[in-house]
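For reference, final07.cif is printed below; it contains mmCIF, N, CA and C atoms.
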```cif
data_entry
loop_
_atom_site.label_atom_id
_atom_site.label_comp_id
_atom_site.auth_asym_id
_atom_site.auth_seq_id
_atom_site.Cartn_x
_atom_site.Cartn_y
_atom_site.Cartn_z
N MET A 949 41.47 -199.10 -191.59
CA MET A 949 40.46 -198.14 -191.23
C MET A 949 40.83 -196.79 -191.84
N THR A 950 39.89 -196.15 -192.43
CA THR A 950 40.13 -194.87 -193.10
C THR A 950 40.09 -193.75 -192.06
N SER A 951 40.56 -192.59 -192.45
CA SER A 951 40.59 -191.46 -191.52
C SER A 951 39.17 -191.02 -191.14
N GLU A 952 38.24 -191.14 -192.06
CA GLU A 952 36.83 -190.82 -191.75
C GLU A 952 36.29 -191.77 -190.71
N GLU A 953 36.60 -193.03 -190.85
CA GLU A 953 36.13 -194.04 -189.88
C GLU A 953 36.76 -193.78 -188.52
N ARG A 954 38.07 -193.41 -188.51
CA ARG A 954 38.74 -193.11 -187.23
C ARG A 954 38.10 -191.89 -186.57
N GLN A 955 37.81 -190.89 -187.35
CA GLN A 955 37.16 -189.69 -186.83
C GLN A 955 35.78 -190.03 -186.28
N SER A 956 35.05 -190.82 -187.01
CA SER A 956 33.72 -191.24 -186.55
C SER A 956 33.84 -192.04 -185.27
N MET A 957 34.85 -192.90 -185.18
CA MET A 957 35.06 -193.72 -184.00
C MET A 957 35.41 -192.83 -182.81
N LYS A 958 36.27 -191.80 -183.01
CA LYS A 958 36.64 -190.87 -181.95
C LYS A 958 35.42 -190.09 -181.47
N LYS A 959 34.58 -189.65 -182.41
CA LYS A 959 33.35 -188.94 -182.05
C LYS A 959 32.43 -189.85 -181.25
N PHE A 960 32.34 -191.11 -181.71
CA PHE A 960 31.49 -192.08 -181.03
C PHE A 960 32.00 -192.31 -179.60
N GLU A 961 33.32 -192.48 -179.44
CA GLU A 961 33.90 -192.69 -178.11
C GLU A 961 33.69 -191.45 -177.22
N ALA A 962 33.83 -190.28 -177.81
CA ALA A 962 33.61 -189.04 -177.04
C ALA A 962 32.16 -188.96 -176.56
N LYS A 963 31.24 -189.32 -177.44
CA LYS A 963 29.82 -189.32 -177.06
C LYS A 963 29.56 -190.32 -175.94
N ILE A 964 30.18 -191.51 -176.05
CA ILE A 964 30.00 -192.54 -175.02
C ILE A 964 30.55 -192.02 -173.69
N ARG A 965 31.74 -191.41 -173.68
CA ARG A 965 32.32 -190.85 -172.46
C ARG A 965 31.40 -189.77 -171.87
N GLU A 966 30.87 -188.94 -172.74
CA GLU A 966 29.96 -187.88 -172.30
C GLU A 966 28.71 -188.47 -171.66
N ILE A 967 28.16 -189.50 -172.31
CA ILE A 967 26.96 -190.17 -171.77
C ILE A 967 27.27 -190.82 -170.43
N LEU A 968 28.43 -191.48 -170.32
CA LEU A 968 28.82 -192.11 -169.06
C LEU A 968 29.02 -191.07 -167.95
N ALA A 969 29.60 -189.94 -168.29
CA ALA A 969 29.80 -188.87 -167.31
C ALA A 969 28.45 -188.35 -166.82
N LYS A 970 27.53 -188.13 -167.74
CA LYS A 970 26.18 -187.69 -167.37
C LYS A 970 25.48 -188.74 -166.51
N PHE A 971 25.69 -190.02 -166.87
CA PHE A 971 25.09 -191.11 -166.11
C PHE A 971 25.60 -191.09 -164.66
N ARG A 972 26.92 -190.89 -164.47
CA ARG A 972 27.49 -190.85 -163.12
C ARG A 972 26.92 -189.68 -162.32
N VAL A 973 26.82 -188.53 -162.97
CA VAL A 973 26.26 -187.35 -162.30
C VAL A 973 24.82 -187.62 -161.88
N LEU A 974 24.03 -188.17 -162.80
CA LEU A 974 22.63 -188.47 -162.49
C LEU A 974 22.51 -189.54 -161.41
N LYS A 975 23.40 -190.53 -161.44
CA LYS A 975 23.38 -191.59 -160.44
C LYS A 975 23.67 -190.99 -159.05
N ASN A 976 24.66 -190.12 -158.96
CA ASN A 976 24.98 -189.47 -157.68
C ASN A 976 23.83 -188.57 -157.22
N GLU A 977 23.26 -187.84 -158.16
CA GLU A 977 22.13 -186.97 -157.84
C GLU A 977 20.95 -187.81 -157.33
N ASN A 978 20.71 -188.94 -157.96
CA ASN A 978 19.64 -189.83 -157.55
C ASN A 978 19.88 -190.35 -156.13
N ALA A 979 21.12 -190.74 -155.84
CA ALA A 979 21.46 -191.22 -154.50
C ALA A 979 21.24 -190.11 -153.47
N ASP A 980 21.64 -188.88 -153.81
CA ASP A 980 21.43 -187.74 -152.92
C ASP A 980 19.94 -187.51 -152.66
N LEU A 981 19.15 -187.64 -153.71
CA LEU A 981 17.70 -187.43 -153.57
C LEU A 981 17.07 -188.51 -152.69
N TYR A 982 17.52 -189.76 -152.84
CA TYR A 982 17.00 -190.82 -151.97
C TYR A 982 17.38 -190.56 -150.51
N THR A 983 18.60 -190.07 -150.29
CA THR A 983 19.02 -189.72 -148.92
C THR A 983 18.15 -188.61 -148.36
N GLU A 984 17.88 -187.62 -149.20
CA GLU A 984 17.02 -186.51 -148.76
C GLU A 984 15.61 -187.00 -148.45
N ILE A 985 15.10 -187.92 -149.25
CA ILE A 985 13.76 -188.48 -149.00
C ILE A 985 13.74 -189.20 -147.67
N GLU A 986 14.78 -189.96 -147.37
CA GLU A 986 14.84 -190.66 -146.08
C GLU A 986 14.85 -189.68 -144.92
N LYS A 987 15.62 -188.59 -145.06
CA LYS A 987 15.64 -187.57 -144.01
C LYS A 987 14.27 -186.94 -143.83
N LYS A 988 13.61 -186.65 -144.95
CA LYS A 988 12.28 -186.04 -144.88
C LYS A 988 11.27 -187.00 -144.25
N ASP A 989 11.39 -188.29 -144.56
CA ASP A 989 10.51 -189.29 -143.95
C ASP A 989 10.70 -189.33 -142.43
N GLU A 990 11.96 -189.26 -142.00
CA GLU A 990 12.25 -189.24 -140.56
C GLU A 990 11.68 -187.98 -139.92
N GLU A 991 11.83 -186.86 -140.61
CA GLU A 991 11.30 -185.60 -140.09
C GLU A 991 9.77 -185.66 -139.99
N ILE A 992 9.14 -186.25 -140.98
CA ILE A 992 7.67 -186.40 -140.96
C ILE A 992 7.25 -187.26 -139.78
N LYS A 993 7.96 -188.38 -139.57
CA LYS A 993 7.64 -189.24 -138.42
C LYS A 993 7.78 -188.48 -137.12
N HIS A 994 8.86 -187.72 -137.01
CA HIS A 994 9.09 -186.94 -135.79
C HIS A 994 7.98 -185.91 -135.59
N LEU A 995 7.61 -185.21 -136.66
CA LEU A 995 6.57 -184.18 -136.56
C LEU A 995 5.21 -184.78 -136.24
N LYS A 996 4.93 -185.96 -136.80
CA LYS A 996 3.66 -186.63 -136.48
C LYS A 996 3.63 -187.01 -135.01
N SER A 997 4.75 -187.51 -134.51
CA SER A 997 4.85 -187.87 -133.10
C SER A 997 4.65 -186.63 -132.22
N LEU A 998 5.29 -185.54 -132.62
CA LEU A 998 5.16 -184.29 -131.89
C LEU A 998 3.72 -183.78 -131.92
N LEU A 999 3.07 -183.91 -133.07
CA LEU A 999 1.68 -183.49 -133.20
C LEU A 999 0.79 -184.32 -132.28
N ASP A 1000 1.00 -185.63 -132.25
CA ASP A 1000 0.22 -186.49 -131.36
C ASP A 1000 0.42 -186.09 -129.90
N GLU A 1001 1.66 -185.80 -129.54
CA GLU A 1001 1.97 -185.39 -128.17
C GLU A 1001 1.28 -184.08 -127.83
N ARG A 1002 1.36 -183.12 -128.75
CA ARG A 1002 0.73 -181.82 -128.51
C ARG A 1002 -0.80 -181.95 -128.45
N THR A 1003 -1.35 -182.83 -129.25
CA THR A 1003 -2.80 -183.05 -129.22
C THR A 1003 -3.22 -183.62 -127.86
N ARG A 1004 -2.44 -184.59 -127.36
CA ARG A 1004 -2.73 -185.14 -126.03
C ARG A 1004 -2.61 -184.06 -124.96
N ASP A 1005 -1.56 -183.23 -125.06
CA ASP A 1005 -1.38 -182.15 -124.09
C ASP A 1005 -2.56 -181.17 -124.14
N TYR A 1006 -3.00 -180.86 -125.35
CA TYR A 1006 -4.13 -179.94 -125.51
C TYR A 1006 -5.40 -180.52 -124.88
N ASN A 1007 -5.65 -181.79 -125.15
CA ASN A 1007 -6.84 -182.43 -124.58
C ASN A 1007 -6.76 -182.48 -123.06
N ASN A 1008 -5.57 -182.76 -122.53
CA ASN A 1008 -5.40 -182.77 -121.08
C ASN A 1008 -5.61 -181.37 -120.49
N LEU A 1009 -5.14 -180.36 -121.21
CA LEU A 1009 -5.32 -178.98 -120.76
C LEU A 1009 -6.80 -178.60 -120.75
N LYS A 1010 -7.53 -179.02 -121.78
CA LYS A 1010 -8.97 -178.74 -121.81
C LYS A 1010 -9.66 -179.40 -120.63
N LEU A 1011 -9.29 -180.64 -120.34
CA LEU A 1011 -9.88 -181.36 -119.21
C LEU A 1011 -9.53 -180.68 -117.90
N ALA A 1012 -8.28 -180.26 -117.76
CA ALA A 1012 -7.86 -179.57 -116.53
C ALA A 1012 -8.62 -178.25 -116.38
N LYS A 1013 -8.84 -177.56 -117.48
CA LYS A 1013 -9.58 -176.30 -117.43
C LYS A 1013 -11.02 -176.55 -116.98
N MET A 1014 -11.62 -177.64 -117.45
CA MET A 1014 -12.98 -177.97 -117.03
C MET A 1014 -13.01 -178.27 -115.54
N ILE A 1015 -12.02 -178.99 -115.05
CA ILE A 1015 -11.95 -179.31 -113.62
C ILE A 1015 -11.71 -178.05 -112.81
N GLU A 1016 -10.87 -177.14 -113.33
CA GLU A 1016 -10.59 -175.89 -112.66
C GLU A 1016 -11.86 -175.08 -112.48
N VAL A 1017 -12.69 -175.04 -113.50
CA VAL A 1017 -13.96 -174.32 -113.41
C VAL A 1017 -14.81 -174.97 -112.33
N SER A 1018 -14.82 -176.26 -112.27
CA SER A 1018 -15.59 -176.96 -111.25
C SER A 1018 -15.06 -176.65 -109.87
N ASP A 1019 -13.74 -176.57 -109.69
CA ASP A 1019 -13.15 -176.24 -108.41
C ASP A 1019 -13.57 -174.84 -107.96
N SER A 1020 -13.59 -173.89 -108.89
CA SER A 1020 -13.99 -172.54 -108.51
C SER A 1020 -15.47 -172.52 -108.13
N ASP A 1021 -16.28 -173.29 -108.82
CA ASP A 1021 -17.69 -173.39 -108.46
C ASP A 1021 -17.84 -173.98 -107.07
N ILE A 1022 -17.01 -174.96 -106.75
CA ILE A 1022 -17.07 -175.58 -105.42
C ILE A 1022 -16.67 -174.56 -104.36
N LYS A 1023 -15.62 -173.79 -104.61
CA LYS A 1023 -15.18 -172.77 -103.65
C LYS A 1023 -16.28 -171.74 -103.43
N GLU A 1024 -16.89 -171.33 -104.53
CA GLU A 1024 -17.97 -170.34 -104.44
C GLU A 1024 -19.15 -170.91 -103.66
N ALA A 1025 -19.47 -172.15 -103.91
CA ALA A 1025 -20.58 -172.79 -103.19
C ALA A 1025 -20.24 -172.89 -101.70
N LYS A 1026 -19.00 -173.24 -101.36
CA LYS A 1026 -18.60 -173.32 -99.95
C LYS A 1026 -18.73 -171.96 -99.27
N MET A 1027 -18.33 -170.91 -99.99
CA MET A 1027 -18.43 -169.56 -99.44
C MET A 1027 -19.89 -169.19 -99.18
N LYS A 1028 -20.77 -169.54 -100.11
CA LYS A 1028 -22.19 -169.25 -99.93
C LYS A 1028 -22.75 -170.01 -98.74
N ILE A 1029 -22.37 -171.27 -98.63
CA ILE A 1029 -22.84 -172.09 -97.49
C ILE A 1029 -22.33 -171.50 -96.18
N THR A 1030 -21.07 -171.06 -96.16
CA THR A 1030 -20.51 -170.46 -94.94
C THR A 1030 -21.28 -169.19 -94.57
N ARG A 1031 -21.62 -168.36 -95.55
CA ARG A 1031 -22.41 -167.16 -95.28
C ARG A 1031 -23.79 -167.51 -94.75
N LEU A 1032 -24.40 -168.52 -95.37
CA LEU A 1032 -25.73 -168.94 -94.92
C LEU A 1032 -25.68 -169.47 -93.48
N VAL A 1033 -24.64 -170.24 -93.17
CA VAL A 1033 -24.50 -170.77 -91.80
C VAL A 1033 -24.34 -169.62 -90.81
N ARG A 1034 -23.54 -168.60 -91.16
CA ARG A 1034 -23.37 -167.43 -90.28
C ARG A 1034 -24.71 -166.72 -90.06
N GLU A 1035 -25.47 -166.54 -91.16
CA GLU A 1035 -26.77 -165.88 -91.04
C GLU A 1035 -27.72 -166.70 -90.16
N ILE A 1036 -27.68 -168.02 -90.35
CA ILE A 1036 -28.54 -168.89 -89.52
C ILE A 1036 -28.12 -168.79 -88.06
N ASN A 1037 -26.80 -168.79 -87.80
CA ASN A 1037 -26.32 -168.66 -86.42
C ASN A 1037 -26.76 -167.33 -85.81
N LYS A 1038 -26.71 -166.25 -86.61
CA LYS A 1038 -27.17 -164.95 -86.13
C LYS A 1038 -28.64 -165.01 -85.78
N CYS A 1039 -29.41 -165.64 -86.66
CA CYS A 1039 -30.85 -165.76 -86.42
C CYS A 1039 -31.10 -166.58 -85.15
N ILE A 1040 -30.35 -167.65 -84.98
CA ILE A 1040 -30.51 -168.48 -83.78
C ILE A 1040 -30.16 -167.67 -82.54
N ASN A 1041 -29.07 -166.90 -82.61
CA ASN A 1041 -28.68 -166.06 -81.47
C ASN A 1041 -29.77 -165.04 -81.16
N ILE A 1042 -30.31 -164.41 -82.20
CA ILE A 1042 -31.37 -163.42 -82.01
C ILE A 1042 -32.59 -164.08 -81.40
N LEU A 1043 -32.97 -165.24 -81.94
CA LEU A 1043 -34.14 -165.94 -81.41
C LEU A 1043 -33.91 -166.40 -79.97
N SER A 1044 -32.71 -166.93 -79.72
CA SER A 1044 -32.45 -167.42 -78.36
C SER A 1044 -32.34 -166.24 -77.39
N THR A 1045 -31.82 -165.10 -77.81
CA THR A 1045 -31.75 -163.92 -76.97
C THR A 1045 -33.15 -163.36 -76.76
N GLY A 1046 -33.93 -163.33 -77.80
CA GLY A 1046 -35.28 -162.83 -77.73
C GLY A 1046 -36.16 -163.74 -76.87
N ALA A 1047 -35.93 -165.04 -76.98
CA ALA A 1047 -36.72 -165.98 -76.17
C ALA A 1047 -36.36 -165.88 -74.72
N GLU A 1048 -35.12 -165.64 -74.37
CA GLU A 1048 -34.70 -165.49 -72.98
C GLU A 1048 -35.24 -164.20 -72.40
N GLY A 1049 -35.32 -163.17 -73.19
CA GLY A 1049 -35.79 -161.87 -72.73
C GLY A 1049 -37.27 -161.89 -72.46
N THR A 1050 -38.07 -162.73 -73.12
CA THR A 1050 -39.51 -162.76 -72.94
C THR A 1050 -39.90 -163.56 -71.72
N ASP A 1051 -39.03 -164.44 -71.23
CA ASP A 1051 -39.35 -165.26 -70.05
C ASP A 1051 -39.33 -164.42 -68.77
N GLU A 1052 -38.61 -163.36 -68.73
CA GLU A 1052 -38.48 -162.60 -67.50
C GLU A 1052 -39.60 -161.71 -67.26
#
```
Please, can you express the file's structure as structure tokens?
Amino acid sequence: MTSEERQSMKKFEAKIREILAKFRVLKNENADLYTEIEKKDEEIKHLKSLLDERTRDYNNLKLAKMIEVSDSDIKEAKMKITRLVREINKCINILSTGAEGTDE
């Protein structure tokens, strides 16, 4: 083998080592990226689950708010009925007092 051929062979071997080193770096980087993708997929699953939970909570809160409004309407209606009953009782008392006074 001539010195030119040896030099060419050394350059060729150096290039192969360089390519193999780059390959190892890229292989490790690829593995890291796949790990990161798996983590992101897990995070997405968790966030979707959390979103579903929050959506259910929101819908339940809307329903509770609707019921709360109905409860206040019921309280208000009870108060009105109580006032009307008092007024009717007053009227009955006035009528019964007035009717007793006219008999004498």
Find the axis-aligned box for range 1003-1022 of chain A, covering all its listed atoms and adding 6 Å on each side, and write its centre and edge lengths in Å to one decimal as AutoDock Vina command-line options.
```
--center_x -9.6 --center_y -178.8 --center_z -116.8 --size_x 28.5 --size_y 24.6 --size_z 36.9
```
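You will find CA of Asn978 in chain A at 20.5 Å from CA of Ile964 in chain A.
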Practice item. Report the distance between CA of Lys1038 in chain A and CA of Glu1024 in chain A in Å, rounded to one decimal place. Key: 21.2 Å
